[in-house]
Structures are given as C-alpha cells and as structure tokens.
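Heads up, entry.pdb below (PDB, C-alpha atoms, pLDDT in the B column):
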```pdb
ATOM      1  CA  MET A 238      -7.261  -1.761  -5.845  1.00 56.00           C
ATOM      2  CA  ALA A 239      -7.559  -3.608  -9.133  1.00 70.00           C
ATOM      3  CA  LEU A 240      -5.445  -6.464  -7.752  1.00 75.00           C
ATOM      4  CA  SER A 241      -7.621  -6.702  -4.589  1.00 76.00           C
ATOM      5  CA  HIS A 242      -4.566  -6.206  -2.334  1.00 79.00           C
ATOM      6  CA  SER A 243      -2.965  -9.384  -3.693  1.00 86.00           C
ATOM      7  CA  ASP A 244       0.205  -7.585  -4.858  1.00 89.00           C
ATOM      8  CA  ILE A 245       1.972  -7.480  -1.477  1.00 92.00           C
ATOM      9  CA  ALA A 246       4.942  -9.298  -3.070  1.00 92.00           C
ATOM     10  CA  GLN A 247       4.841  -7.372  -6.362  1.00 90.00           C
ATOM     11  CA  SER A 248       4.997  -3.825  -4.907  1.00 86.00           C
ATOM     12  CA  ASN A 249       6.875  -2.336  -7.847  1.00 87.00           C
ATOM     13  CA  ASP A 250       5.448   1.172  -8.171  1.00 90.00           C
ATOM     14  CA  VAL A 251       5.225   4.413  -6.184  1.00 95.00           C
ATOM     15  CA  PHE A 252       1.922   3.368  -4.564  1.00 93.00           C
ATOM     16  CA  SER A 253       3.851   0.715  -2.616  1.00 95.00           C
ATOM     17  CA  ILE A 254       4.135   3.432   0.030  1.00 96.00           C
ATOM     18  CA  PHE A 255       0.569   2.477   1.074  1.00 95.00           C
ATOM     19  CA  ASN A 256       0.838  -1.309   0.607  1.00 93.00           C
ATOM     20  CA  ASN A 257       4.393  -2.599   1.143  1.00 96.00           C
ATOM     21  CA  PRO A 258       7.051   0.126   1.417  1.00 97.00           C
ATOM     22  CA  ALA A 259       9.866  -2.417   1.005  1.00 97.00           C
ATOM     23  CA  GLY A 260       9.040  -2.514  -2.704  1.00 95.00           C
ATOM     24  CA  LEU A 261      10.222   1.074  -3.117  1.00 97.00           C
ATOM     25  CA  ALA A 262      13.849   0.041  -2.478  1.00 96.00           C
ATOM     26  CA  GLN A 263      13.894  -2.108  -5.637  1.00 94.00           C
ATOM     27  CA  MET A 264      13.079   0.962  -7.757  1.00 94.00           C
ATOM     28  CA  ASN A 265      16.165   2.901  -8.874  1.00 94.00           C
ATOM     29  CA  TRP A 266      14.156   5.654 -10.614  1.00 95.00           C
ATOM     30  CA  ARG A 267      12.052   8.644  -9.589  1.00 96.00           C
ATOM     31  CA  GLU A 268       8.349   8.126  -9.896  1.00 96.00           C
ATOM     32  CA  ILE A 269       5.219  10.216  -9.417  1.00 97.00           C
ATOM     33  CA  GLY A 270       1.791   8.625  -9.262  1.00 95.00           C
ATOM     34  CA  ILE A 271      -1.668  10.204  -9.166  1.00 95.00           C
ATOM     35  CA  TYR A 272      -4.965   8.343  -8.992  1.00 93.00           C
ATOM     36  CA  TYR A 273      -8.459   9.783  -8.558  1.00 94.00           C
ATOM     37  CA  SER A 274     -11.860   8.137  -8.741  1.00 92.00           C
ATOM     38  CA  PRO A 275     -14.644  10.735  -8.324  1.00 92.00           C
ATOM     39  CA  ALA A 276     -17.584   8.309  -8.090  1.00 87.00           C
ATOM     40  CA  PRO A 277     -16.786   4.576  -7.822  1.00 87.00           C
ATOM     41  CA  PHE A 278     -19.852   2.518  -8.759  1.00 89.00           C
ATOM     42  CA  GLY A 279     -21.607   5.820  -9.535  1.00 90.00           C
ATOM     43  CA  ILE A 280     -21.555   6.859  -5.848  1.00 91.00           C
ATOM     44  CA  ASN A 281     -19.975  10.277  -5.206  1.00 89.00           C
ATOM     45  CA  GLU A 282     -19.648   9.559  -1.487  1.00 90.00           C
ATOM     46  CA  LEU A 283     -17.017   6.872  -2.251  1.00 91.00           C
ATOM     47  CA  ALA A 284     -14.682   9.328  -4.009  1.00 93.00           C
ATOM     48  CA  ASN A 285     -11.025   8.530  -3.379  1.00 94.00           C
ATOM     49  CA  GLY A 286      -7.654   9.708  -4.530  1.00 96.00           C
ATOM     50  CA  PHE A 287      -3.970   8.975  -4.073  1.00 96.00           C
ATOM     51  CA  ALA A 288      -0.777  10.853  -4.880  1.00 98.00           C
ATOM     52  CA  ALA A 289       2.790   9.701  -4.239  1.00 98.00           C
ATOM     53  CA  TYR A 290       6.370  10.631  -5.063  1.00 98.00           C
ATOM     54  CA  HIS A 291       9.427   8.335  -4.861  1.00 98.00           C
ATOM     55  CA  GLU A 292      13.078   9.437  -4.744  1.00 98.00           C
ATOM     56  CA  PRO A 293      15.886   6.833  -4.783  1.00 97.00           C
ATOM     57  CA  THR A 294      19.188   7.843  -3.149  1.00 97.00           C
ATOM     58  CA  ASP A 295      22.486   6.233  -2.170  1.00 96.00           C
ATOM     59  CA  LEU A 296      21.123   6.014   1.400  1.00 96.00           C
ATOM     60  CA  GLY A 297      17.938   4.187   0.380  1.00 97.00           C
ATOM     61  CA  SER A 298      14.568   5.142  -1.064  1.00 97.00           C
ATOM     62  CA  PHE A 299      12.354   7.922   0.269  1.00 98.00           C
ATOM     63  CA  ALA A 300       8.720   8.548  -0.623  1.00 98.00           C
ATOM     64  CA  LEU A 301       5.890  10.939   0.196  1.00 98.00           C
ATOM     65  CA  GLY A 302       2.214  10.175  -0.241  1.00 98.00           C
ATOM     66  CA  PHE A 303      -1.314  11.427   0.314  1.00 98.00           C
ATOM     67  CA  MET A 304      -4.663   9.625   0.274  1.00 98.00           C
ATOM     68  CA  THR A 305      -8.203  10.943   0.619  1.00 96.00           C
ATOM     69  CA  TYR A 306     -11.525   9.123   0.846  1.00 96.00           C
ATOM     70  CA  GLY A 307     -15.083  10.331   1.319  1.00 94.00           C
ATOM     71  CA  PHE A 308     -17.060  13.544   0.938  1.00 94.00           C
ATOM     72  CA  ASP A 309     -18.162  16.596   2.985  1.00 92.00           C
ATOM     73  CA  LEU A 310     -20.013  14.634   5.690  1.00 95.00           C
ATOM     74  CA  TYR A 311     -17.340  11.938   6.168  1.00 95.00           C
ATOM     75  CA  ARG A 312     -13.702  12.151   5.119  1.00 96.00           C
ATOM     76  CA  GLU A 313     -10.525  10.182   5.824  1.00 96.00           C
ATOM     77  CA  ASN A 314      -7.046  11.448   4.875  1.00 97.00           C
ATOM     78  CA  LYS A 315      -3.588   9.899   5.143  1.00 97.00           C
ATOM     79  CA  PHE A 316      -0.252  11.690   4.898  1.00 98.00           C
ATOM     80  CA  ALA A 317       2.653   9.275   4.396  1.00 98.00           C
ATOM     81  CA  LEU A 318       6.439   9.433   4.665  1.00 99.00           C
ATOM     82  CA  SER A 319       8.403   6.300   3.809  1.00 98.00           C
ATOM     83  CA  TYR A 320      11.944   4.942   3.903  1.00 98.00           C
ATOM     84  CA  SER A 321      13.142   1.633   2.455  1.00 98.00           C
ATOM     85  CA  ASN A 322      16.437  -0.027   1.697  1.00 98.00           C
ATOM     86  CA  ARG A 323      18.038  -3.185   0.367  1.00 97.00           C
ATOM     87  CA  LEU A 324      19.356  -5.149   3.365  1.00 95.00           C
ATOM     88  CA  PHE A 325      20.740  -8.101   1.412  1.00 94.00           C
ATOM     89  CA  GLU A 326      21.097  -8.842  -2.293  1.00 92.00           C
ATOM     90  CA  ASP A 327      17.532 -10.173  -2.582  1.00 95.00           C
ATOM     91  CA  PHE A 328      15.839  -8.736   0.543  1.00 98.00           C
ATOM     92  CA  PHE A 329      14.289  -5.291   1.023  1.00 98.00           C
ATOM     93  CA  LEU A 330      12.745  -3.711   4.125  1.00 98.00           C
ATOM     94  CA  GLY A 331      10.666  -0.546   4.418  1.00 98.00           C
ATOM     95  CA  ILE A 332       8.619   1.512   6.846  1.00 98.00           C
ATOM     96  CA  THR A 333       5.939   4.142   6.295  1.00 98.00           C
ATOM     97  CA  ALA A 334       4.839   6.669   8.905  1.00 98.00           C
ATOM     98  CA  LEU A 335       1.189   7.566   8.370  1.00 98.00           C
ATOM     99  CA  TYR A 336      -0.651  10.481   9.918  1.00 98.00           C
ATOM    100  CA  GLN A 337      -4.332   9.630   9.515  1.00 96.00           C
ATOM    101  CA  THR A 338      -7.238  11.986  10.045  1.00 95.00           C
ATOM    102  CA  ILE A 339     -10.966  11.437  10.155  1.00 94.00           C
ATOM    103  CA  SER A 340     -13.666  14.095   9.978  1.00 95.00           C
ATOM    104  CA  ILE A 341     -17.375  13.440  10.533  1.00 94.00           C
ATOM    105  CA  GLN A 342     -19.706  16.420  10.198  1.00 94.00           C
ATOM    106  CA  ASN A 343     -21.461  17.323  13.483  1.00 93.00           C
ATOM    107  CA  TYR A 344     -19.215  14.874  15.390  1.00 91.00           C
ATOM    108  CA  GLY A 345     -15.775  16.437  14.950  1.00 91.00           C
ATOM    109  CA  ASN A 346     -12.417  15.172  13.795  1.00 93.00           C
ATOM    110  CA  ASP A 347      -9.328  13.387  15.077  1.00 93.00           C
ATOM    111  CA  GLY A 348      -5.903  12.351  13.884  1.00 94.00           C
ATOM    112  CA  THR A 349      -3.276   9.819  14.884  1.00 95.00           C
ATOM    113  CA  LEU A 350       0.132   8.518  13.867  1.00 97.00           C
ATOM    114  CA  ASN A 351       0.724   4.876  12.966  1.00 96.00           C
ATOM    115  CA  PHE A 352       3.282   2.827  11.071  1.00 98.00           C
ATOM    116  CA  LEU A 353       3.361   0.290   8.243  1.00 98.00           C
ATOM    117  CA  LEU A 354       6.280  -2.157   8.100  1.00 98.00           C
ATOM    118  CA  GLY A 355       6.995  -4.254   5.006  1.00 98.00           C
ATOM    119  CA  GLY A 356       9.470  -6.751   3.625  1.00 98.00           C
ATOM    120  CA  LEU A 357      10.133  -8.186   0.169  1.00 98.00           C
ATOM    121  CA  ALA A 358      12.366 -11.106  -0.819  1.00 98.00           C
ATOM    122  CA  TYR A 359      13.248 -12.476  -4.254  1.00 97.00           C
ATOM    123  CA  LEU A 360      13.147 -16.269  -3.941  1.00 97.00           C
ATOM    124  CA  ASN A 361      14.362 -16.546  -7.538  1.00 96.00           C
ATOM    125  CA  ARG A 362      14.216 -14.411 -10.677  1.00 94.00           C
ATOM    126  CA  ASN A 363      10.457 -14.926 -11.164  1.00 96.00           C
ATOM    127  CA  LEU A 364       9.155 -15.565  -7.628  1.00 98.00           C
ATOM    128  CA  ARG A 365       8.856 -13.046  -4.786  1.00 97.00           C
ATOM    129  CA  PHE A 366       7.592 -13.250  -1.201  1.00 98.00           C
ATOM    130  CA  GLY A 367       6.292 -10.161   0.560  1.00 97.00           C
ATOM    131  CA  PHE A 368       4.805  -9.270   3.915  1.00 98.00           C
ATOM    132  CA  SER A 369       3.485  -6.190   5.685  1.00 97.00           C
ATOM    133  CA  ILE A 370       2.044  -5.178   9.016  1.00 97.00           C
ATOM    134  CA  HIS A 371      -0.323  -2.208   8.911  1.00 96.00           C
ATOM    135  CA  ASN A 372      -0.721  -0.157  12.093  1.00 96.00           C
ATOM    136  CA  ILE A 373       1.989  -1.949  14.087  1.00 95.00           C
ATOM    137  CA  THR A 374       1.439   0.588  16.896  1.00 93.00           C
ATOM    138  CA  ARG A 375      -2.278  -0.339  17.208  1.00 93.00           C
ATOM    139  CA  SER A 376      -3.122   3.365  17.022  1.00 92.00           C
ATOM    140  CA  THR A 377      -6.755   4.406  17.125  1.00 90.00           C
ATOM    141  CA  TYR A 378      -8.958   7.497  16.996  1.00 89.00           C
ATOM    142  CA  GLY A 379     -10.149   8.908  20.313  1.00 83.00           C
ATOM    143  CA  LYS A 380     -10.631   6.459  23.171  1.00 82.00           C
ATOM    144  CA  GLU A 381     -12.282   3.687  21.160  1.00 81.00           C
ATOM    145  CA  LYS A 382     -10.209   0.585  20.383  1.00 80.00           C
ATOM    146  CA  ASN A 383      -9.550  -0.759  16.882  1.00 76.00           C
ATOM    147  CA  GLN A 384     -10.789   2.284  14.943  1.00 84.00           C
ATOM    148  CA  ILE A 385      -7.809   1.742  12.630  1.00 90.00           C
ATOM    149  CA  PRO A 386      -7.322  -1.972  11.923  1.00 92.00           C
ATOM    150  CA  THR A 387      -4.060  -3.797  12.540  1.00 94.00           C
ATOM    151  CA  THR A 388      -3.565  -6.041   9.522  1.00 95.00           C
ATOM    152  CA  TYR A 389      -0.991  -8.737   8.746  1.00 97.00           C
ATOM    153  CA  SER A 390      -0.448  -9.589   5.076  1.00 97.00           C
ATOM    154  CA  SER A 391       1.834 -11.988   3.234  1.00 98.00           C
ATOM    155  CA  GLY A 392       1.880 -13.219  -0.317  1.00 97.00           C
ATOM    156  CA  LEU A 393       3.644 -14.459  -3.412  1.00 97.00           C
ATOM    157  CA  SER A 394       4.074 -12.924  -6.855  1.00 97.00           C
ATOM    158  CA  TYR A 395       5.098 -15.056  -9.808  1.00 97.00           C
ATOM    159  CA  ASP A 396       6.156 -13.676 -13.194  1.00 96.00           C
ATOM    160  CA  LEU A 397       4.711 -16.151 -15.681  1.00 95.00           C
ATOM    161  CA  ASN A 398       6.617 -14.275 -18.398  1.00 94.00           C
ATOM    162  CA  ASP A 399       7.675 -10.663 -19.053  1.00 90.00           C
ATOM    163  CA  ASP A 400       4.044  -9.615 -19.567  1.00 94.00           C
ATOM    164  CA  VAL A 401       2.030 -11.569 -16.951  1.00 95.00           C
ATOM    165  CA  THR A 402       2.341 -11.591 -13.146  1.00 95.00           C
ATOM    166  CA  ILE A 403       0.174 -13.748 -10.883  1.00 96.00           C
ATOM    167  CA  ASN A 404      -0.360 -12.554  -7.294  1.00 95.00           C
ATOM    168  CA  ILE A 405      -1.848 -14.271  -4.254  1.00 96.00           C
ATOM    169  CA  SER A 406      -1.895 -13.101  -0.655  1.00 96.00           C
ATOM    170  CA  LEU A 407      -3.350 -13.837   2.746  1.00 97.00           C
ATOM    171  CA  GLN A 408      -4.616 -10.962   4.860  1.00 96.00           C
ATOM    172  CA  LYS A 409      -5.479 -11.192   8.562  1.00 96.00           C
ATOM    173  CA  GLU A 410      -7.098  -8.295  10.357  1.00 94.00           C
ATOM    174  CA  LEU A 411      -7.205  -8.651  14.137  1.00 87.00           C
ATOM    175  CA  GLU A 412     -10.604  -9.976  15.297  1.00 86.00           C
ATOM    176  CA  PHE A 413     -11.551 -11.100  11.771  1.00 92.00           C
ATOM    177  CA  PRO A 414     -10.876 -14.292   9.788  1.00 95.00           C
ATOM    178  CA  VAL A 415      -8.141 -14.619   7.165  1.00 96.00           C
ATOM    179  CA  SER A 416      -9.001 -13.480   3.646  1.00 96.00           C
ATOM    180  CA  VAL A 417      -7.396 -14.764   0.444  1.00 96.00           C
ATOM    181  CA  ASN A 418      -6.709 -12.261  -2.342  1.00 95.00           C
ATOM    182  CA  PHE A 419      -5.839 -13.054  -5.952  1.00 95.00           C
ATOM    183  CA  GLY A 420      -4.940 -10.891  -8.922  1.00 93.00           C
ATOM    184  CA  ILE A 421      -3.294 -10.967 -12.339  1.00 94.00           C
ATOM    185  CA  GLU A 422      -1.422  -8.153 -14.057  1.00 91.00           C
ATOM    186  CA  TYR A 423      -0.972  -8.145 -17.842  1.00 93.00           C
ATOM    187  CA  LEU A 424       1.207  -5.660 -19.763  1.00 91.00           C
ATOM    188  CA  PRO A 425       0.084  -5.794 -23.430  1.00 91.00           C
ATOM    189  CA  ILE A 426       2.213  -2.747 -24.365  1.00 89.00           C
ATOM    190  CA  LYS A 427       4.714  -0.514 -22.576  1.00 82.00           C
ATOM    191  CA  TYR A 428       3.067   1.772 -19.945  1.00 77.00           C
ATOM    192  CA  LEU A 429      -0.295  -0.033 -20.089  1.00 83.00           C
ATOM    193  CA  ASN A 430      -1.128  -2.455 -17.273  1.00 81.00           C
ATOM    194  CA  LEU A 431      -4.364  -4.443 -17.243  1.00 85.00           C
ATOM    195  CA  ARG A 432      -5.277  -5.729 -13.794  1.00 85.00           C
TER     196      ARG A 432
END
```
Output the structure of this file as structure tokens.
Amino acid sequence: MALSHSDIAQSNDVFSIFNNPAGLAQMNWREIGIYYSPAPFGINELANGFAAYHEPTDLGSFALGFMTYGFDLYRENKFALSYSNRLFEDFFLGITALYQTISIQNYGNDGTLNFLLGGLAYLNRNLRFGFSIHNITRSTYGKEKNQIPTTYSSGLSYDLNDDVTINISLQKELEFPVSVNFGIEYLPIKYLNLR
C-alpha cells in the first residue's frame, strides 16, 4: 500500500502473492508476513489485514496467503495459493489462485475463484520490468458483471543504490482510464523499509 501499487517490478517479499506472484521465485528463503491496520484514517470500517507464507523448493516457490477487509456489515476476504518459478536466468513467472468472498449484512454472501498471473524480468542488475493481470478469468460475484475488476499492470523498478529503489507503474482496469503509480523505498538500516 505504501508504494501505491507501483512496485509491480520490485515484488521482493512474501506479499508479492497478492501483487505479482512471479517475484516469489526470486526469493530463496522462507518468509512469513503479517500486516494489520485496525482503523486506517481513524475509520474502523476500513480495517484490513494480510498474512502470507512463502516456501522455496527445488520445484519452484509456493506461497499461501489471506486478506481481510471491512467490518461486521461489509466484509471481503481472499484466500490465496501461489506457485512461481524461474523460467530463464533473468525471467520469472507466477500464478496465484484466489478464492474471494464477500459478505453484506441483510443481503447475503458469495464467493468465487479467480487467478492472478505475473511476470518479472531483470533487464540488468539494477533495472527490472514486471507485469501482472488480476482476475484473468473475469470472475464476478452473483450474476452481475465486473464485481471483481480485471486489471492489467506493468512497471519498472530501478535500484538507485543498495538503499533506494524507485518504482513506477501503469495500471489499467477494464472500463476505466490508465492510472500512473509512483513510489520510493528507502532502507536506512537492515530490516527497516521506509516507503
């Protein structure tokens, strides 16, 4: 979130399962990530949380994830299972299967399966290109169309030095104009990222 979805080509942590699963294949370590925000902007109804686990193997990288958003009257959940692998020396490909549910009090609930496909290429040591397609199956809730957006994203990440990465991406949701996203990540000390 802090990089405003500009890190499609960075994708170097366990939360890549939700953004660009190809990034998981470049990680040769186990990783667990947990994020929870109980009241963004002081609004309890916007509560959201993420949890993910990544396991690298000789057959590729596998990951599990969970996301929740909302409160008692309106809640969205995602359950994710991902696989990614290195196809060439500098190219990675990944896919995430997402089971998404929605629950609206007094209206009911529904769930559906959709997929996220992502790719990541190192153009050189400091420059990466990434892309993803969210909801490639154009799944939706109930009989209404486009309840879950299909989104195309592509972007570049450039490592200015060992401590600073600049990210830019384009995001196109069907039926909406292109948006440009920009973000910078700074690592002042080990294990502390400022975004």
| field | Result set of the PyMOL selection byres ((chain A and resi 326-335) around 8) on the coordinates above, as a PyMOL selection string | value | chain A and resi 254-255+257-263+315-325+336-337+350-360
| Around (-3.4, -12.6, 8.5) in the file's own coordinates, what residues are found within 10 Å if you use all atoms listed in the file, given back as a PyMOL selection string? | chain A and resi 368-370+387-391+406-411+413-417
| note | Expressed in Å, the length from CA of Ala239 in chain A to CA of Ala288 in chain A is 16.5 Å
| So which residues are close to (-10.4, -3.1, -4.3), meaning at most 12 Å away in the file's coordinates with all atoms listed in the file counted, and can you show them as a PyMOL selection string? | chain A and resi 238-244+277-278+285+418-420+432
| Which of A:Phe366, A:Phe299, A:Tyr290, A:Phe308 sits closest to Ile271 in chain A [using all atoms listed in the file] |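 The closest residue to Ile271 in chain A is A:Tyr290.
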| Of the candidates A:Ile339, A:Ile373, A:Leu301, A:Leu364, which shows the shortest atom-to-atom distance to Gly392 in chain A, using all atoms listed in the file? |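 Answer, going by the shortest atom-to-atom distance: A:Leu364.
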| said: Given all atoms listed in the file as the basis, pick out the residue of A:Asn314, A:Thr338, A:Asn398, A:Asn404 nearest to Gly367 in chain A. | reply: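 Selected residue with least distance to Gly367 in chain A: A:Asn404.
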| message | Give me the residues near Tyr378 in chain A as a list in words, where near means some atom within 8 Å (using all atoms listed in the file) and where sequence neighbours in that chain fewer than 4 positions away do not count. | response |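 That gives Asp347, Gly348, Thr349, Lys382, Gln384 and Ile385 of chain A.
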| field | Two-atom distance - CA of Gly297 in chain A, CA of Gly270 in chain A (Å) | value |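 These atoms are spaced 19.3 Å apart.
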| field | Option closest in space to Ala284 in chain A, from A:Gly307, A:Tyr423, A:Asn265, A:Ser298 [counting only C-alpha atoms] | value |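 Among the listed residues, the smallest separation from Ala284 in chain A belongs to A:Gly307.
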| message | Here is a test: counting all atoms listed in the file, which residue of A:Glu268, A:Asp399, A:Glu381, A:Glu282 is nearest to Leu310 in chain A? | response | A:Glu282
| query | What is the CA of Ile341 in chain A-CA of Thr377 in chain A distance in Å, reported with one decimal? | reply |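 CA of Ile341 in chain A sits 15.4 Å away from CA of Thr377 in chain A.
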| remark: Min atom-atom distance to Val401 in chain A from the set A:Met264, A:Lys380, A:Leu424, A:Asn346, counting only C-alpha atoms, belongs to A:Leu424
